[in-house]
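See below for coords-v7.cif, which holds mmCIF, C-alpha atoms and all ligand atoms.
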data_work
loop_
_atom_site.label_atom_id
_atom_site.label_comp_id
_atom_site.auth_asym_id
_atom_site.auth_seq_id
_atom_site.Cartn_x
_atom_site.Cartn_y
_atom_site.Cartn_z
CA MET E 11 19.35 -3.59 -3.67
CA TYR E 12 23.06 -3.01 -4.18
CA LYS E 13 24.37 0.35 -2.95
CA ILE E 14 27.48 2.23 -4.05
CA ALA E 15 28.56 5.39 -2.31
CA LEU E 16 30.74 7.59 -4.52
CA GLU E 17 33.05 9.97 -2.68
CA LEU E 18 33.04 12.58 -5.43
CA THR E 19 35.37 14.89 -3.53
CA LYS E 20 37.14 15.17 -0.20
CA ASN E 21 36.80 18.93 -0.47
CA CYS E 22 34.13 20.88 1.39
CA ASN E 23 33.11 24.52 1.78
CA LEU E 24 32.53 24.01 5.54
CA ARG E 25 34.91 22.95 8.32
CA CYS E 26 32.71 20.93 10.69
CA SER E 27 34.46 20.16 13.97
CA TYR E 28 33.60 16.43 13.81
CA CYS E 29 34.33 15.87 10.12
CA TYR E 30 36.33 12.68 9.54
CA GLN E 31 37.62 13.78 6.13
CA PRO E 32 41.20 14.98 6.06
CA ARG E 33 41.54 18.49 4.64
CA PHE E 34 42.35 17.34 1.13
CA THR E 35 40.90 18.60 -2.10
CA ASN E 36 41.08 15.35 -4.10
CA THR E 37 38.21 14.73 -6.47
CA MET E 38 37.12 11.54 -8.20
CA ASP E 39 37.79 11.55 -11.93
CA ILE E 40 34.93 10.66 -14.21
CA GLU E 41 36.53 7.42 -15.52
CA THR E 42 36.93 6.12 -11.96
CA ALA E 43 33.32 6.98 -11.16
CA CYS E 44 32.00 5.31 -14.34
CA ARG E 45 34.03 2.19 -13.60
CA ALA E 46 32.60 2.13 -10.07
CA ILE E 47 29.09 2.40 -11.49
CA ASP E 48 29.84 -0.49 -13.88
CA LEU E 49 30.95 -2.61 -10.90
CA GLY E 50 27.79 -1.66 -9.04
CA ILE E 51 25.58 -2.59 -11.98
CA GLU E 52 27.32 -5.98 -12.30
CA ARG E 53 26.64 -6.64 -8.61
CA ALA E 54 23.07 -5.38 -8.75
CA LYS E 55 22.25 -7.71 -11.63
CA VAL E 56 22.94 -10.83 -9.59
CA LEU E 57 20.91 -9.74 -6.57
CA PRO E 58 17.25 -10.84 -6.44
CA THR E 59 16.00 -7.23 -6.37
CA ARG E 60 18.17 -6.22 -9.37
CA LYS E 61 18.25 -2.65 -8.15
CA LEU E 62 21.14 -0.24 -7.72
CA LEU E 63 21.31 2.76 -5.40
CA ILE E 64 23.98 5.34 -6.25
CA SER E 65 24.75 7.56 -3.29
CA PHE E 66 26.73 10.77 -3.91
CA PHE E 67 28.97 11.53 -0.98
CA GLY E 68 31.84 13.84 -0.01
CA GLY E 69 33.26 16.12 1.31
CA GLU E 70 30.53 18.23 -0.20
CA PRO E 71 29.33 16.54 -3.41
CA LEU E 72 27.54 19.66 -4.67
CA LEU E 73 31.02 21.06 -5.41
CA GLN E 74 31.02 18.42 -8.16
CA PHE E 75 27.51 19.01 -9.49
CA PRO E 76 28.45 18.91 -13.24
CA GLN E 77 30.13 15.52 -12.64
CA MET E 78 27.03 14.31 -10.81
CA VAL E 79 24.88 15.22 -13.83
CA SER E 80 27.24 13.30 -16.14
CA LEU E 81 27.21 10.28 -13.83
CA VAL E 82 23.43 10.14 -13.65
CA GLU E 83 23.33 10.22 -17.45
CA TYR E 84 26.04 7.56 -17.67
CA SER E 85 24.36 5.27 -15.15
CA LYS E 86 21.04 5.47 -17.01
CA SER E 87 22.68 4.52 -20.28
CA ALA E 88 24.82 1.77 -18.70
CA ALA E 89 22.01 0.29 -16.62
CA ASP E 90 20.34 -1.22 -19.63
CA GLY E 91 16.86 -1.06 -18.16
CA TYR E 92 17.81 -1.98 -14.59
CA ASP E 93 16.33 0.04 -11.83
CA ILE E 94 18.64 2.78 -10.46
CA ALA E 95 17.86 5.08 -7.57
CA TYR E 96 19.91 8.09 -6.40
CA GLU E 97 20.76 9.61 -3.08
CA LEU E 98 22.70 12.72 -2.07
CA THR E 99 24.29 13.61 1.27
CA THR E 100 24.89 17.36 1.39
CA ASN E 101 25.40 20.19 3.85
CA GLY E 102 22.78 22.07 1.80
CA THR E 103 24.60 25.40 1.85
CA LEU E 104 25.42 25.49 -1.88
CA LEU E 105 22.01 24.33 -3.05
CA GLN E 106 20.24 26.27 -5.78
CA ALA E 107 16.89 25.89 -7.55
CA ARG E 108 18.56 24.41 -10.65
CA HIS E 109 20.09 21.63 -8.50
CA ILE E 110 16.76 20.86 -6.88
CA ASP E 111 15.06 20.64 -10.30
CA PHE E 112 17.63 18.09 -11.38
CA PHE E 113 17.24 16.04 -8.18
CA ALA E 114 13.46 16.10 -8.52
CA GLU E 115 13.66 14.97 -12.14
CA HIS E 116 15.69 11.94 -11.06
CA GLN E 117 13.78 11.33 -7.82
CA PHE E 118 16.79 11.73 -5.54
CA PHE E 119 16.51 10.88 -1.85
CA LEU E 120 18.08 13.90 -0.16
CA LYS E 121 19.99 13.84 3.13
CA VAL E 122 20.82 17.29 4.48
CA SER E 123 23.05 17.91 7.50
CA ILE E 124 21.51 20.34 9.99
CA ASP E 125 22.12 20.12 13.73
CA GLY E 126 19.17 22.22 14.91
CA LEU E 127 18.84 25.76 16.22
CA PRO E 128 21.23 28.38 14.76
CA GLU E 129 23.50 28.53 17.81
CA ASP E 130 23.90 24.74 17.99
CA HIS E 131 24.30 24.33 14.24
CA ASN E 132 26.94 27.08 13.99
CA LEU E 133 28.80 25.73 17.01
CA ASN E 134 30.15 22.73 15.08
CA ARG E 135 29.27 23.30 11.43
CA ARG E 136 31.72 26.09 10.88
CA ASN E 137 32.20 28.21 7.84
CA PRO E 138 35.83 29.12 7.13
CA GLY E 139 34.80 32.71 6.28
CA ASN E 140 32.86 32.94 9.57
CA ALA E 141 29.59 33.25 7.67
CA ASP E 142 26.54 31.91 9.46
CA SER E 143 26.32 28.36 8.07
CA TYR E 144 22.81 27.92 9.55
CA GLN E 145 21.53 30.81 7.41
CA LEU E 146 23.31 29.41 4.36
CA VAL E 147 21.33 26.18 4.63
CA ILE E 148 18.02 27.53 5.98
CA ARG E 149 17.74 30.13 3.23
CA ASN E 150 16.88 27.05 1.12
CA LEU E 151 13.98 26.02 3.35
CA ASP E 152 11.36 26.81 0.70
CA LEU E 153 13.26 24.67 -1.80
CA PHE E 154 13.36 21.79 0.71
CA MET E 155 9.66 22.04 1.53
CA ASP E 156 8.70 22.26 -2.16
CA TYR E 157 10.83 19.20 -2.78
CA GLN E 158 9.05 17.20 -0.06
CA ARG E 159 5.67 18.24 -1.42
CA LYS E 160 6.55 17.56 -5.03
CA LEU E 161 8.15 14.16 -4.49
CA LYS E 162 5.82 13.15 -1.65
CA LYS E 163 8.76 11.88 0.35
CA PRO E 164 10.62 13.41 3.26
CA ILE E 165 14.10 14.85 3.10
CA GLN E 166 16.26 13.23 5.77
CA VAL E 167 17.91 15.64 8.18
CA SER E 168 21.20 14.24 9.51
CA MET E 169 21.99 15.60 12.97
CA VAL E 170 25.23 15.08 14.87
CA ILE E 171 24.92 15.06 18.66
CA SER E 172 28.05 16.16 20.48
CA ARG E 173 29.07 16.81 24.06
CA ASN E 174 28.67 20.53 23.34
CA ASN E 175 25.07 20.36 22.05
CA TYR E 176 23.38 17.26 23.55
CA THR E 177 21.61 19.25 26.28
CA HIS E 178 19.64 21.02 23.53
CA PHE E 179 18.75 17.92 21.54
CA LEU E 180 15.04 18.13 22.32
CA ALA E 181 14.95 21.83 21.37
CA ASN E 182 16.95 21.14 18.22
CA ILE E 183 14.79 18.33 16.87
CA ARG E 184 11.61 20.24 17.79
CA HIS E 185 12.92 23.28 15.92
CA LEU E 186 13.59 21.25 12.78
CA ALA E 187 10.24 19.44 12.99
CA ASP E 188 8.51 22.82 13.38
CA LEU E 189 10.27 24.03 10.23
CA GLY E 190 8.59 21.15 8.37
CA PHE E 191 11.20 18.38 8.26
CA ARG E 192 9.76 14.91 8.82
CA MET E 193 12.70 12.50 8.98
CA PHE E 194 15.69 12.59 11.31
CA ASP E 195 18.81 10.50 11.49
CA THR E 196 20.92 11.20 14.54
CA ALA E 197 24.53 10.18 15.00
CA LEU E 198 26.61 10.60 18.11
CA ASN E 199 29.96 12.25 17.81
CA PHE E 200 31.96 9.20 18.85
CA THR E 201 35.22 11.12 18.68
CA ASP E 202 34.04 12.90 21.83
CA CYS E 203 34.97 11.28 25.11
CA TRP E 204 31.58 11.06 26.85
CA SER E 205 31.50 10.88 30.66
CA ASP E 206 28.90 8.79 32.52
CA GLN E 207 27.23 11.99 33.65
CA GLU E 208 26.95 13.25 30.08
CA LEU E 209 25.54 9.94 28.93
CA ALA E 210 22.90 10.17 31.67
CA GLY E 211 22.07 13.67 30.42
CA LEU E 212 21.84 12.41 26.86
CA ARG E 213 19.48 9.67 27.95
CA ALA E 214 17.24 12.24 29.65
CA GLU E 215 17.11 14.24 26.39
CA TYR E 216 16.33 11.10 24.40
CA GLU E 217 13.46 10.28 26.78
CA GLN E 218 11.95 13.69 26.14
CA VAL E 219 12.36 13.29 22.39
CA VAL E 220 10.55 9.93 22.57
CA ASP E 221 7.72 11.80 24.35
CA LEU E 222 7.73 14.42 21.59
CA TYR E 223 7.65 11.66 18.99
CA PHE E 224 4.54 10.19 20.68
CA GLU E 225 2.87 13.53 21.04
CA ARG E 226 3.43 14.44 17.41
CA ILE E 227 2.09 11.11 16.19
CA GLN E 228 -1.05 11.63 18.25
CA ASN E 229 -1.44 15.08 16.76
CA LYS E 230 -0.97 13.72 13.26
CA ARG E 231 2.28 15.64 12.89
CA GLY E 232 4.44 12.54 13.26
CA PHE E 233 8.05 12.28 12.19
CA ILE E 234 10.47 9.45 11.55
CA TRP E 235 13.47 9.14 13.87
CA THR E 236 15.86 6.37 12.79
CA PHE E 237 16.97 5.85 16.42
CA ILE E 238 13.54 4.42 17.17
CA ASP E 239 13.31 2.28 14.04
CA ASN E 240 16.81 0.88 14.62
CA GLY E 241 15.94 0.01 18.22
CA LEU E 242 12.52 -1.44 17.55
CA MET E 243 13.17 -3.56 14.48
CA PRO E 244 15.36 -6.17 16.23
CA GLN E 245 12.67 -6.54 18.91
CA ILE E 246 9.84 -6.87 16.41
CA LYS E 247 11.80 -9.18 14.11
CA PRO E 248 14.82 -10.74 15.89
CA ARG E 249 17.51 -12.27 13.66
CA LYS E 250 20.63 -14.38 14.19
CA ASN E 251 22.67 -11.27 13.54
CA TYR E 252 22.12 -7.73 12.29
CA TYR E 253 24.97 -7.42 9.85
CA CYS E 254 23.99 -4.79 7.32
CA GLY E 255 25.68 -6.47 4.35
CA ALA E 256 28.45 -3.86 3.94
CA GLY E 257 30.98 -5.23 1.43
CA ILE E 258 28.43 -7.69 0.04
CA SER E 259 25.43 -5.56 -0.82
CA SER E 260 27.21 -2.22 -0.65
CA MET E 261 30.55 -0.58 -1.21
CA TYR E 262 32.13 2.82 -0.67
CA VAL E 263 34.39 4.18 -3.41
CA ASN E 264 36.84 6.88 -2.39
CA THR E 265 38.21 9.59 -4.68
CA GLU E 266 41.21 7.37 -5.54
CA GLY E 267 38.94 4.51 -6.62
CA GLU E 268 39.66 2.28 -3.60
CA LEU E 269 36.72 0.12 -2.54
CA TYR E 270 35.62 -0.32 1.08
CA PRO E 271 32.52 -1.93 2.60
CA CYS E 272 31.18 1.39 3.93
CA TYR E 273 32.14 4.89 5.06
CA ALA E 274 32.96 3.82 8.62
CA CYS E 275 36.38 2.27 8.13
CA PHE E 276 39.12 2.90 5.60
CA LYS E 277 41.75 0.58 7.08
CA ASP E 278 43.63 -1.67 4.73
CA GLU E 279 42.24 -4.79 6.50
CA VAL E 280 38.77 -4.05 5.17
CA ARG E 281 39.60 -2.87 1.65
CA ILE E 282 37.77 -5.00 -0.92
CA GLY E 283 39.48 -3.89 -4.13
CA SER E 284 39.74 -0.92 -6.43
CA THR E 285 38.05 0.33 -9.56
CA ALA E 286 41.23 -0.58 -11.49
CA GLU E 287 41.41 -4.19 -10.20
CA GLY E 288 37.73 -4.80 -9.54
CA ILE E 289 36.26 -6.37 -6.42
CA ASN E 290 38.59 -8.78 -4.66
CA GLU E 291 36.23 -11.72 -4.15
CA ALA E 292 38.29 -13.37 -1.43
CA ARG E 293 38.30 -10.19 0.63
CA ALA E 294 34.64 -9.41 0.04
CA ASN E 295 33.54 -12.97 0.79
CA ARG E 296 34.86 -12.69 4.34
CA PHE E 297 31.77 -10.62 5.02
CA LYS E 298 29.43 -12.88 3.05
CA HIS E 299 29.98 -15.73 5.47
CA TYR E 300 29.74 -13.57 8.56
CA GLN E 301 28.66 -15.27 11.74
CA ARG E 302 28.50 -13.61 15.08
CA GLU E 303 31.52 -13.97 17.33
CA LEU E 304 30.65 -12.39 20.65
CA THR E 305 33.47 -11.16 22.81
CA GLY E 306 33.90 -9.47 26.20
CA ASP E 307 30.71 -8.21 27.87
CA CYS E 308 28.60 -9.19 24.85
CA ILE E 309 28.94 -12.90 25.72
CA ASP E 310 26.70 -12.70 28.79
CA CYS E 311 24.71 -9.60 27.86
CA SER E 312 20.96 -9.97 28.37
CA ILE E 313 20.12 -7.96 25.23
CA GLN E 314 22.62 -9.52 22.83
CA ALA E 315 19.78 -11.03 20.74
CA TYR E 316 18.53 -7.52 19.95
CA CYS E 317 21.80 -5.64 19.69
CA PRO E 318 23.03 -4.51 16.27
CA ALA E 319 26.22 -2.96 17.75
CA CYS E 320 27.94 -6.37 17.92
CA ASP E 321 27.45 -6.74 14.16
CA CYS E 322 28.63 -3.31 13.04
CA LEU E 323 31.94 -4.75 11.87
CA MET E 324 33.33 -1.58 10.31
CA MET E 325 32.70 0.73 13.26
CA ASN E 326 34.16 -1.91 15.56
CA MET E 327 37.24 -2.34 13.38
CA GLU E 328 37.73 1.41 13.08
CA GLN E 329 37.56 1.97 16.82
CA THR E 330 39.02 -1.22 18.34
CA ASN E 331 41.00 -2.85 15.50
CA ASP E 332 38.81 -5.91 15.85
CA PHE E 333 35.60 -6.79 13.99
CA TYR E 334 33.98 -8.24 17.10
CA THR E 335 35.01 -5.93 19.93
CA VAL E 336 32.40 -3.22 20.46
CA PRO E 337 33.76 0.14 21.74
CA LYS E 338 32.41 1.03 25.18
CA MET E 339 30.59 4.10 23.89
CA PHE E 340 28.74 2.14 21.16
CA CYS E 341 27.75 -0.44 23.74
CA GLU E 342 26.40 2.19 26.16
CA HIS E 343 24.46 3.79 23.33
CA ALA E 344 23.06 0.42 22.21
CA LYS E 345 21.83 -0.28 25.76
CA MET E 346 20.23 3.14 25.97
CA ARG E 347 18.46 2.66 22.64
CA TYR E 348 17.25 -0.81 23.62
CA GLU E 349 15.83 0.38 26.95
CA LEU E 350 14.02 3.36 25.47
CA THR E 351 12.56 1.49 22.52
CA ASN E 352 11.72 -1.58 24.64
CA LYS E 353 9.32 0.63 26.59
CA LEU E 354 7.63 1.48 23.30
CA HIS E 355 7.58 -2.15 22.24
CA HIS E 356 5.69 -3.16 25.39
CA ASN E 357 3.44 -0.15 25.49
CA PRO E 358 -0.15 -1.28 24.88
CA GLU E 359 -0.76 2.07 23.24
CA TRP E 360 1.92 1.37 20.68
CA LYS E 361 -0.14 -0.67 18.23
CA ARG E 362 -2.84 1.93 18.35
CA MET E 363 -0.17 4.59 17.82
CA LEU E 364 1.18 2.78 14.80
CA GLU E 365 -2.27 2.68 13.29
CA MET E 366 -2.69 6.36 13.96
CA MET E 367 0.77 7.19 12.74
CA SER E 368 0.69 9.41 9.75
CA VAL E 369 4.05 10.69 8.68
CA PRO E 370 3.13 13.27 6.08
CA LYS E 371 4.87 12.53 2.80
CA GLY E 372 4.76 16.19 1.86
CA VAL E 373 3.93 19.06 4.12
S1 LIG G 401 24.59 -3.91 24.58
FE1 LIG G 401 26.82 -3.92 24.64
S2 LIG G 401 27.40 -5.78 25.78
FE2 LIG G 401 25.25 -5.98 25.13
S3 LIG G 401 25.37 -7.10 23.20
FE3 LIG G 401 25.30 -4.90 22.70
S4 LIG G 401 27.42 -4.26 22.52
FE4 LIG G 401 27.42 -6.25 23.58
S1 LIG G 402 28.64 1.61 9.85
FE1 LIG G 402 28.16 -0.49 10.51
S2 LIG G 402 25.96 -0.72 10.12
FE2 LIG G 402 26.65 1.10 8.99
S3 LIG G 402 27.10 0.36 6.94
FE3 LIG G 402 29.03 0.29 8.10
S4 LIG G 402 29.14 -1.80 8.96
FE4 LIG G 402 27.03 -1.42 8.31
#
Could you write out this structure as structure tokens?
Ligand code: SF4
Ligand code: SF4
Amino acid sequence: MYKIALELTKNCNLRCSYCYQPRFTNTMDIETACRAIDLGIERAKVLPTRKLLISFFGGEPLLQFPQMVSLVEYSKSAADGYDIAYELTTNGTLLQARHIDFFAEHQFFLKVSIDGLPEDHNLNRRNPGNADSYQLVIRNLDLFMDYQRKLKKPIQVSMVISRNNYTHFLANIRHLADLGFRMFDTALNFTDCWSDQELAGLRAEYEQVVDLYFERIQNKRGFIWTFIDNGLMPQIKPRKNYYCGAGISSMYVNTEGELYPCYACFKDEVRIGSTAEGINEARANRFKHYQRELTGDCIDCSIQAYCPACDCLMMNMEQTNDFYTVPKMFCEHAKMRYELTNKLHHNPEWKRMLEMMSVPKGV
């Protein structure tokens, strides 16, 4: 599957403390977006799966809902029978029933940003008018639950864990699971400067969440947590490297029509073209022929064979100006994830758990 992420706007109705978008209001014009979709379709056609995923991104893409409708229509007409799937990353606060009906009609995979309990959510996901941003998103809970039931697939909740909320991570994920969400993607706020003591505290929270994950599976109320999948997969199926294919099987298109491998790095070194010029093959092919080049502590690391952090070229470049140098924080997090999921991997109960695992598709 080829994936294009369209940054429909840099604008947003919230002012999250960890947002990486500059406070601009640029939006992507419709010609640029259509050209990006054409490029995506061309790429998708030569891949064995012949599928395209269009991911609407921001800022807050719901601010551009009419454009999104036009782009779905355009992509269906331009796809000429090829399979296209859609995804939306939203803060959920502007959502209305008419939007949800449209997303259901086109089978969108929804990713909604919620950090957990009201006090932790409002701490970082701030509303410029001081309105309670938790209430703005949770007032749509019935719409979310109906959506999960109707489409028989979970909505992904994207949670950001920061130094100011990590001690409540267990409470936050439990709260969201109790509300009926069944899929969680957690990202660390890497702009925070985490101390060793805080990392130890984070690890203790993670351990408790792994216990919750087990308990819920046993009680047939299981949920998906991408942290566990991302840690376990390399141990179940080790590979020579874990490069995700950014730049080869995916691209990120910003509001100006510049093409990048993914959302993690917008430095000129990694730019792979523009909608006006097309994909620069020489630049993109650098990633096609990727081979691991371990540096620093990675060279002698005992878990290097299972560590995806060494291969996350864009995060590495963004943070260290080098594709192969892993920032200390990413490395610490990778070790933590390996240790916690390795316990699962060697747990004799695990296979039985997997068989028992029933992640409800609806609620
Ligand atoms: S855990 Fe750290 S040192 Fe080990 S391979 Fe991963 S990034 Fe390198
Ligand atoms: S952040 Fe890393 S793993 Fe994710 S898409 Fe970018 S390069 Fe791939």
Exercise answer, 10 Å around ligand LIG 401 (chain G) with only C-alpha atoms and all ligand atoms, as a PyMOL selection string: chain E and resi 304-322+326+334-348
Do you know which residues are at most 12 Å from E:Arg149 counting all atoms listed in the file, after dropping those on the same chain fewer than 5 positions away, and could you put them as a list of chain:residue names?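 Surrounding residues, per the criterion: E:Gly102, E:Thr103, E:Leu104, E:Leu105, E:Gln106, E:Ala107, E:Asp142, E:Ser143, E:Tyr144, E:Phe154, E:Met155, E:Leu189.
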Would you list the residues near (40.4, 2.8, -8.9), meaning any protein, DNA or RNA residue with an atom at most 10 Å from that point in file coordinates, counting all atoms listed in the file, as number ranges by chain? E: 38-39, 41-43, 45-46, 263-269, 283-288
One-decimal distance in Å that lies between atom CA of E:Leu186 and atom CA of E:Val219: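 If I compute the distance from atom CA of E:Val219 to atom CA of E:Leu186, I get 12.5 Å.
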May I ask for the distance between atom CA of E:Ala15 and atom S3 of ligand LIG 402 (chain G), given in Å to one decimal place?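 Computing the Euclidean distance for atom CA of E:Ala15 and atom S3 of ligand LIG 402 (chain G) yields 10.6 Å.
Picture a line from atom CA of E:Tyr92 to atom CA of E:Tyr270; it runs 23.8 Å.
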Can you work out which residues are within 9 Å of ligand LIG 402 (chain G), considering all atoms listed in the file, and then hand them over as a ChimeraX atom specification? /E:252-257,260-261,271-275,318-319,321-326
For E:Asn132, the closest of E:Tyr30, E:Asp48, E:Gln145, E:Gly211 counting only C-alpha atoms is E:Gln145
Residue contacts of E:Ile171 (6 Å, all atoms listed in the file) excluding same-chain residues fewer than 3 positions away, as a PyMOL selection string: chain E and resi 176+198-199
Please determine, counting all atoms listed in the file, which residue among E:Ser85, E:Asn150, E:Asn290, E:Gln301 has the shortest atom-to-atom distance to E:Ile51. E:Ser85
Return the single residue from E:Leu18, E:Ala54, E:Ile47, E:Leu120 that is closest to E:Leu73, with distances computed using all atoms listed in the file.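 Answer, going by the shortest atom-to-atom distance: E:Leu18.
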Distance table requested - stretch 150-197 of chain E against stretch 109-119 of chain E, cut-off 9 Å, only C-alpha atoms: one row per qualifying residue with the closest atom pair and its distance in Å to one decimal, ordered by chain and rising residue number, as JSON lines.
{"residue": "E:Leu153", "atom": "CA", "partner": "E:Ile110", "partner_atom": "CA", "distance": 7.3}
{"residue": "E:Phe154", "atom": "CA", "partner": "E:Ile110", "partner_atom": "CA", "distance": 8.4}
{"residue": "E:Tyr157", "atom": "CA", "partner": "E:Ala114", "partner_atom": "CA", "distance": 7.0}
{"residue": "E:Lys160", "atom": "CA", "partner": "E:Ala114", "partner_atom": "CA", "distance": 7.9}
{"residue": "E:Leu161", "atom": "CA", "partner": "E:Ala114", "partner_atom": "CA", "distance": 6.9}
{"residue": "E:Lys163", "atom": "CA", "partner": "E:Phe119", "partner_atom": "CA", "distance": 8.1}
{"residue": "E:Pro164", "atom": "CA", "partner": "E:Phe119", "partner_atom": "CA", "distance": 8.2}
{"residue": "E:Ile165", "atom": "CA", "partner": "E:Phe119", "partner_atom": "CA", "distance": 6.8}
{"residue": "E:Gln166", "atom": "CA", "partner": "E:Phe119", "partner_atom": "CA", "distance": 8.0}
The selected residues should be written to file as an mmCIF file, in the frame of the given file (atoms: C-alpha atoms).
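Contents of result-v6.cif, freshly written:
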data_model
loop_
_atom_site.group_PDB
_atom_site.id
_atom_site.type_symbol
_atom_site.label_atom_id
_atom_site.label_comp_id
_atom_site.auth_asym_id
_atom_site.auth_seq_id
_atom_site.Cartn_x
_atom_site.Cartn_y
_atom_site.Cartn_z
ATOM 1 C CA LEU E 153 13.260 24.670 -1.800
ATOM 2 C CA PHE E 154 13.360 21.790 0.710
ATOM 3 C CA TYR E 157 10.830 19.200 -2.780
ATOM 4 C CA LYS E 160 6.550 17.560 -5.030
ATOM 5 C CA LEU E 161 8.150 14.160 -4.490
ATOM 6 C CA LYS E 163 8.760 11.880 0.350
ATOM 7 C CA PRO E 164 10.620 13.410 3.260
ATOM 8 C CA ILE E 165 14.100 14.850 3.100
ATOM 9 C CA GLN E 166 16.260 13.230 5.770
#
For E:Gln218, please output as a VMD selection string all residues within 12 Å (counting all atoms listed in the file; exclusion window: fewer than 6 positions along the same chain). chain E and resid 177 to 184 211 to 212 224 to 225 350
Cut-off 7 Å around (30.0, 11.6, 3.0) with all atoms listed in the file: residues as a PyMOL selection string: chain E and resi 17+67-69+99
Could you write out the selected residues, including C-alpha atoms, as a CSV table (one decimal), in the coordinates of the input?
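Output contents, as saved in part_24.csv:
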chain,number,residue,atom,x,y,z
E,17,GLU,CA,33.0,10.0,-2.7
E,67,PHE,CA,29.0,11.5,-1.0
E,68,GLY,CA,31.8,13.8,0.0
E,69,GLY,CA,33.3,16.1,1.3
E,99,THR,CA,24.3,13.6,1.3
Name the closest residue to E:Lys247 among the candidates E:Asp195, E:His355, E:Arg25, E:Ser205; distances are taken between atoms, counting only C-alpha atoms. E:His355
Top pick for closest residue to E:Ile40, considering E:Met243, E:Leu63, E:Leu72, E:Met78 and counting all atoms listed in the file: E:Met78
Between E:Ser172, E:Thr351, E:Thr196, E:Asn295, which has the minimum distance to E:Tyr28 (counting all atoms listed in the file)?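 Going through E:Ser172, E:Thr351, E:Thr196, E:Asn295 one by one, the smallest distance to E:Tyr28 is for E:Ser172.
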Please complete stretch 14-28 of chain E so it has N, CA and C atoms, and hand it over as a CSV table (one decimal), keeping the file's coordinate frame.
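File out07.csv, as written:
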chain,number,residue,atom,x,y,z
E,14,ILE,N,26.1,1.7,-4.0
E,14,ILE,CA,27.5,2.2,-4.0
E,14,ILE,C,27.5,3.7,-3.6
E,15,ALA,N,28.4,4.0,-2.7
E,15,ALA,CA,28.6,5.4,-2.3
E,15,ALA,C,29.8,5.9,-3.0
E,16,LEU,N,29.6,7.0,-3.8
E,16,LEU,CA,30.7,7.6,-4.5
E,16,LEU,C,31.2,8.8,-3.8
E,17,GLU,N,32.5,8.8,-3.3
E,17,GLU,CA,33.0,10.0,-2.7
E,17,GLU,C,33.6,10.9,-3.8
E,18,LEU,N,32.7,11.8,-4.3
E,18,LEU,CA,33.0,12.6,-5.4
E,18,LEU,C,34.2,13.5,-5.1
E,19,THR,N,34.3,14.0,-3.9
E,19,THR,CA,35.4,14.9,-3.5
E,19,THR,C,35.6,14.8,-2.0
E,20,LYS,N,36.9,15.0,-1.6
E,20,LYS,CA,37.1,15.2,-0.2
E,20,LYS,C,37.0,16.6,0.2
E,21,ASN,N,36.8,17.5,-0.7
E,21,ASN,CA,36.8,18.9,-0.5
E,21,ASN,C,35.4,19.3,0.1
E,22,CYS,N,35.4,20.4,0.9
E,22,CYS,CA,34.1,20.9,1.4
E,22,CYS,C,34.2,22.4,1.6
E,23,ASN,N,33.1,23.1,1.5
E,23,ASN,CA,33.1,24.5,1.8
E,23,ASN,C,33.0,24.8,3.3
E,24,LEU,N,32.6,23.8,4.1
E,24,LEU,CA,32.5,24.0,5.5
E,24,LEU,C,33.7,23.3,6.2
E,25,ARG,N,33.8,23.6,7.5
E,25,ARG,CA,34.9,23.0,8.3
E,25,ARG,C,34.3,22.4,9.6
E,26,CYS,N,33.4,21.4,9.5
E,26,CYS,CA,32.7,20.9,10.7
E,26,CYS,C,33.7,20.3,11.7
E,27,SER,N,33.5,20.6,13.0
E,27,SER,CA,34.5,20.2,14.0
E,27,SER,C,34.6,18.6,14.0
E,28,TYR,N,33.5,17.9,13.7
E,28,TYR,CA,33.6,16.4,13.8
E,28,TYR,C,33.8,15.7,12.5
